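Visitor: This is the structure I have questions about; it appears just below.
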Amino acid sequence: MKHLKALNNKARRIEDVADQSDQDFVALQQTTPPPRPHVPMGCTLSFSPGWEVDAGGGTAGLCQPVERDIYDCYVTCFWPVQVPDHVNYSPDWASNCASATKDWRNLDIVFP
Amino acid sequence: MNVLHRRDTSLAVRPYYHRSELHEFSADGHEFIYVVAAGAIFALDDAASAVLEQLKNKPMEHAELIAALVQQGHSKKDAEDLIRELLLVQVIVTENFVPEKPEAPPSDFPLQALVLNITNQCNLACTYCYEFGSDKIATPQGKKKFMTLETAKQSVDFLLEKSAQRKAVHITFFGGETLMNFRLLRDVVLFSEERAAQSGKAITFSLTTNATLLSDEIIEFLSEHQVGVTVSIDGPSDLQNKNRVFKNGKGSYDVIAPRLRKLIEKHKSRAITARVTLTDGVTDVTRIYRHLKDDIGFHEIGFAPVTSSEKQSYSINDTDMGDVLQEFRNLAKEWLSFALRNQMHGFSNVSETIGELTKGINKSHPCGAGLGLLGVSPSGDLSPCHRFTDADSHTLGNINTGIDSEKRSDFLSRGHIGTKYDCHTCWARPLCAGGCHHEAFVRYGDTGHANLHYCDWIREWTDACLKIYGVLALKNPGFLEKFSERKALS
C-alpha cells in the first residue's frame with residue numbers, strides 16, 4: 001500500500017489481504033447489498049387458521065369452519081376469485097366480524 | 001400473491017463514495033485514522049487525507065472525486081490507485097456497505113481464568129466497597145464465609161478441564177480480604193501446581209489484597225511461587241485513610257506502608273501493582289501516582305473511578321472527572337516520553353489501552369466475564385466475575401453442578417455489543433463495548449445496559465491513547481512489540 005501505513009496488528013492483516021487482491025476499483029465498488037429483513041408473505045403475518053383439510057381430505061370435520069380460511073384471504077391476500085368480493089358483490093360480508101380472532105364464528109358462507 | 005422485488009444493485013452504475021466509520025486524529029504533525037469496524041490504525045499521507053477531506057461533508061461520485069483529485073495535482077492513474085487502495089481497506093465505501101458486527105464467541109468458549117473468592121470476610125470497612133457498601137448486590141446471608149479446600153480443589157480441576165486446548169490458565173485469589181484465608185491460598189497454589197503439571201498446562205497465580213495482613217512468611221511464599229500481587233490502595237496517608245478504614249474507623253495507611261515496602265523489596269518474581277479507586281476528594285492522580293511509584297515503589301499503578309449508583313457521598317462529580325482526565329493526560333504524556341526512551345512507565349491505564357490498540361481488538365463483550373473468566377464464591381457458586389460473587393441474581397451455576405449454560409448465555413447475549421444500540425454510533429466501541437457489566441447493573445439495573453454515564457470520558461481517553469499510539473508507532477515501533485503478547489504473560 002502506498003498511501004496508508006498500517007500501524008497495528010489488525011491493520012497489518014488488512015494490508016496483507018489488500019496486497020493480495022487484484023480487484024480494481026470498479027470491482028470494489030460492487031459491495032454486497034445489506035441483508036434485507038425477512039418479510040413473511042401475506043397470511044403468515046396475520047391470525048391465520050392455515051388452509052387445512054381433515055383426516056378424510058374434506059372440510060366437514062375441521063374444528064373451525066372453512067369460512068375462517070376465506071376470511072384470511074379476504075384480508076391479507078390478493079386472491080379475488082375464491083373469497084367474497086367486498087368491492088362489488090358482498091361489501092358487508094365481514095361486517096359482523098370486527099375482530100377475526102374473536103368474531104370468526106359470525107362469518108357465513110356467501111350465496112351470490 | 002404478494003411478491004417482493006429485490007433491487008438488483010449490480011446494475012447500479014454510479015456508486016457514491018462515503019467515508020466508512022472512522023475516528024480521525026492527529027499527533028506530532030501526522031494524520032491518522034482508527035477504522036472502527038476493524039479496530040485498525042493507519043497513518044495517512046497527504047493524498048489519502050485529501051480524499052477524506054473531500055468526502056467530509058458529502059458523498060461523491062467516482063468521476064467527481066477523480067476530477068477533484070486531478071485538480072489537486074494527481075494524475076488520473078494515481079487518483080484511481082488511491083481510490084482503489086482506500087476502497088480495499090474500507091476507509092471509503094460505497095452506499096450499500098454494511099460492516100460486519102463482531103460475532104458472538106462460541107458457547108463452549110474455553111475457560112482461561114478463575115477468580116476464587118476464598119473468603120467474603122474483610123478486616124477493613126472501606127466506605128465505597130461494592131461488596132459491603134450501600135450499592136452491594138451480594139447476598140451472602142446463610143452462605144459459607146470461607147472457601148473450603150475441597151471447593152477450591154474442585155475449582156482447580158474444573159478450570160483445567162474447561163480450559164480445553166489452552167496451554168496456560170490463571171487463578172486469581174480474591175476476597176473479602178484474601179489473606180484472611182492465606183492457609184487455603186497456600187494449599188491451593190501447591191495443589192494447582194501439581195495438577196497443572198500432571199495435565200501438561202502452565203498455571204499462574206495472582207491475588208488482590210489490602211496488604212494489612214502481609215507477613216514475612218506470606219511474602220516469601222508469594223515470591224517463591226511467582227504469585228502476582230495487586231494491592232488495593234488509594235495513595236498517601238491522607239487519601240488512603242479517607243475511605244480505606246478499619247471497622248473502628250481508623251485509617252489503614254500506617255499498617256500497610258511498612259508491609260508494602262517489604263513486599264516490594266522481597267518479592268521480585270512478579271510485578272507488584274497498585275489499584276487505586278478514585279472517589280470524591282480522592283482525585284489527585286499525579287500526587288497519588290508519585291507517592292505509589294516513587295515513594296513506595298510499585299511497578300505499576302492503575303486507576304479507576306469508584307462504581308456507584310448515581311447518588312453516593314463518595315461518587316465523583318463531572319467536574320472532578322474532567323480534572324482526572326487532564327491528570328491522566330499529563331501522566332500519559334510522561335508515559336510516552338518514557339516509551340520513546342524504551343522505558344516502561346508504571347501508569348497501567350495507558351499500558352492496558354496500548355496493549356489493546358496494538359492488537360487492534362474489536363470486542364464483542366467488554367471483558368472476559370462469563371467467557372474465559374468466571375468467579376467462584378466461598379460456597380462454590382459460579383458468577384460472571386468476582387464482582388458478582390455471592391449475588392443470587394447472577395449465579396451461573398455451581399462448581400459441583402457445572403455451568404448453567406442457559407444463564408450464562410443470557411448473561412452473554414445481554415452483554416453483547418450488538419444489543420447495546422447506544423454504542424452503535426460510537427467510534428470507541430471496539431475497545432469499550434459498553435463498559436463493565438457490574439457497573440451497568442449497579443447503575444441501570446441491567447448488565448447489558450451501556451454505561452452511558454462515562455461515554456464522553458471513554459472517548460476522550462481513547463483518543464488520548466490513540467495519539468500516543470500513533471506517535472510511538474512511527475517513532476519507536478519496536479517498543480510496541482512488548483505489548484503484543486502482554487495479556488498472555490501477565
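Starting from 1 in every chain, residues are counted up; chains themselves are A, B, ... following the order of the C-alpha cells, and ligands are numbered from 1 as listed.
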Residues of chain B within 7 Å of chain A, counting only C-alpha atoms - could you list those as a PyMOL selection string?

Guide: chain B and resi 1-2+9-10+15+39-45+47-48+83-85+87-89+94+96-98+357-360+473

Visitor: Save the residues we just selected, C-alpha atoms, as a PDB file, in the first residue's frame?

Guide:
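Written file, again18.pdb:
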```
ATOM      1  CA  MET B   1     -49.908 -13.364  -4.150  1.00  0.00           C
ATOM      2  CA  ASN B   2     -47.526 -10.763  -2.834  1.00  0.00           C
ATOM      3  CA  THR B   9     -27.746  -3.477  -7.168  1.00  0.00           C
ATOM      4  CA  SER B  10     -25.241  -4.854  -9.620  1.00  0.00           C
ATOM      5  CA  PRO B  15     -21.960   4.454  -6.866  1.00  0.00           C
ATOM      6  CA  GLY B  39     -10.063  -1.718  15.119  1.00  0.00           C
ATOM      7  CA  ALA B  40      -7.248  -0.979  12.661  1.00  0.00           C
ATOM      8  CA  ILE B  41      -4.953   2.046  12.883  1.00  0.00           C
ATOM      9  CA  PHE B  42      -3.370   3.622   9.803  1.00  0.00           C
ATOM     10  CA  ALA B  43      -1.197   6.649   9.214  1.00  0.00           C
ATOM     11  CA  LEU B  44      -2.342   8.691   6.218  1.00  0.00           C
ATOM     12  CA  ASP B  45      -0.298  10.532   3.651  1.00  0.00           C
ATOM     13  CA  ALA B  47      -3.257  12.357  -0.660  1.00  0.00           C
ATOM     14  CA  ALA B  48      -5.311   9.989   1.491  1.00  0.00           C
ATOM     15  CA  ILE B  83      -9.312   5.311  -4.538  1.00  0.00           C
ATOM     16  CA  ARG B  84      -8.700   1.621  -5.068  1.00  0.00           C
ATOM     17  CA  GLU B  85      -6.464   1.469  -2.011  1.00  0.00           C
ATOM     18  CA  LEU B  87     -11.770   1.015  -1.027  1.00  0.00           C
ATOM     19  CA  LEU B  88      -9.717  -2.110  -0.402  1.00  0.00           C
ATOM     20  CA  VAL B  89      -9.086  -1.160   3.191  1.00  0.00           C
ATOM     21  CA  THR B  94     -19.984   2.647  -1.479  1.00  0.00           C
ATOM     22  CA  ASN B  96     -24.555  -0.367   0.191  1.00  0.00           C
ATOM     23  CA  PHE B  97     -21.732  -1.136   2.546  1.00  0.00           C
ATOM     24  CA  VAL B  98     -22.697  -2.632   5.881  1.00  0.00           C
ATOM     25  CA  LEU B 357      -4.643  -0.972  20.379  1.00  0.00           C
ATOM     26  CA  THR B 358      -1.536  -2.929  19.373  1.00  0.00           C
ATOM     27  CA  LYS B 359      -3.632  -5.964  18.637  1.00  0.00           C
ATOM     28  CA  GLY B 360      -6.475  -3.960  17.167  1.00  0.00           C
ATOM     29  CA  ALA B 473       4.184   3.530  16.105  1.00  0.00           C
TER      30      ALA B 473
END
```

Visitor: Can you check which residues of region 94-256 of chain B DSSP gives as helix (DSSP H, G or I) on the backbone and send them as a ChimeraX atom specification?

Guide: /B:149-162,178-199,216-224,237-243,253-256

Visitor: At a cut-off of 9 Å, using only C-alpha atoms, what residues contact region 20-31 of chain B? Leave out same-chain residues fewer than 2 positions from it and give the result as an MDAnalysis selection string.

Guide: chainID B and resid 18 33:37 42:46 49 90:94 97 99 425 427:428 463 466:468 470:471

Visitor: In region 276-481 of chain B, what's strand (DSSP E or B) per DSSP? Answer as a list in words?

Guide: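 So the strand (DSSP E or B) residues in region 276-481 of chain B would be Val276, Thr277, Leu278, Thr279, Val282, Glu300, Ile301, Gly302, Phe303, Ala304, Pro305, Phe347, Ala369, Leu373, Leu374, Gly375, Val376, Asp381, Leu382, Ser383, Gly397, Asn398, Gly402 and Ile403 of chain B.
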
Visitor: Please dump the current selection as a PDB file, in the first residue's frame; keep C-alpha atoms.

Guide:
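Result written to selection.pdb:
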```pdb
ATOM      1  CA  VAL B 276      -6.443   2.956  43.115  1.00  0.00           C
ATOM      2  CA  THR B 277     -10.121   3.738  43.493  1.00  0.00           C
ATOM      3  CA  LEU B 278     -10.905   7.361  42.735  1.00  0.00           C
ATOM      4  CA  THR B 279     -13.681   8.863  44.849  1.00  0.00           C
ATOM      5  CA  VAL B 282      -9.501  11.344  46.086  1.00  0.00           C
ATOM      6  CA  GLU B 300       2.513  -0.407  38.042  1.00  0.00           C
ATOM      7  CA  ILE B 301      -0.347   1.768  39.170  1.00  0.00           C
ATOM      8  CA  GLY B 302      -3.858   1.633  37.746  1.00  0.00           C
ATOM      9  CA  PHE B 303      -6.710   3.991  38.498  1.00  0.00           C
ATOM     10  CA  ALA B 304     -10.454   3.524  38.245  1.00  0.00           C
ATOM     11  CA  PRO B 305     -13.317   5.700  39.379  1.00  0.00           C
ATOM     12  CA  PHE B 347       0.834   4.130  34.581  1.00  0.00           C
ATOM     13  CA  ALA B 369     -16.517 -12.177  32.370  1.00  0.00           C
ATOM     14  CA  LEU B 373     -13.282 -15.963  33.166  1.00  0.00           C
ATOM     15  CA  LEU B 374     -15.628 -16.968  35.971  1.00  0.00           C
ATOM     16  CA  GLY B 375     -15.828 -16.125  39.644  1.00  0.00           C
ATOM     17  CA  VAL B 376     -16.227 -18.774  42.349  1.00  0.00           C
ATOM     18  CA  ASP B 381     -21.318 -20.731  43.262  1.00  0.00           C
ATOM     19  CA  LEU B 382     -20.138 -19.577  39.861  1.00  0.00           C
ATOM     20  CA  SER B 383     -20.594 -15.979  38.764  1.00  0.00           C
ATOM     21  CA  GLY B 397     -24.173 -22.460  38.308  1.00  0.00           C
ATOM     22  CA  ASN B 398     -22.077 -24.153  40.960  1.00  0.00           C
ATOM     23  CA  GLY B 402     -21.121 -27.050  36.438  1.00  0.00           C
ATOM     24  CA  ILE B 403     -22.003 -24.003  34.414  1.00  0.00           C
TER      25      ILE B 403
END
```
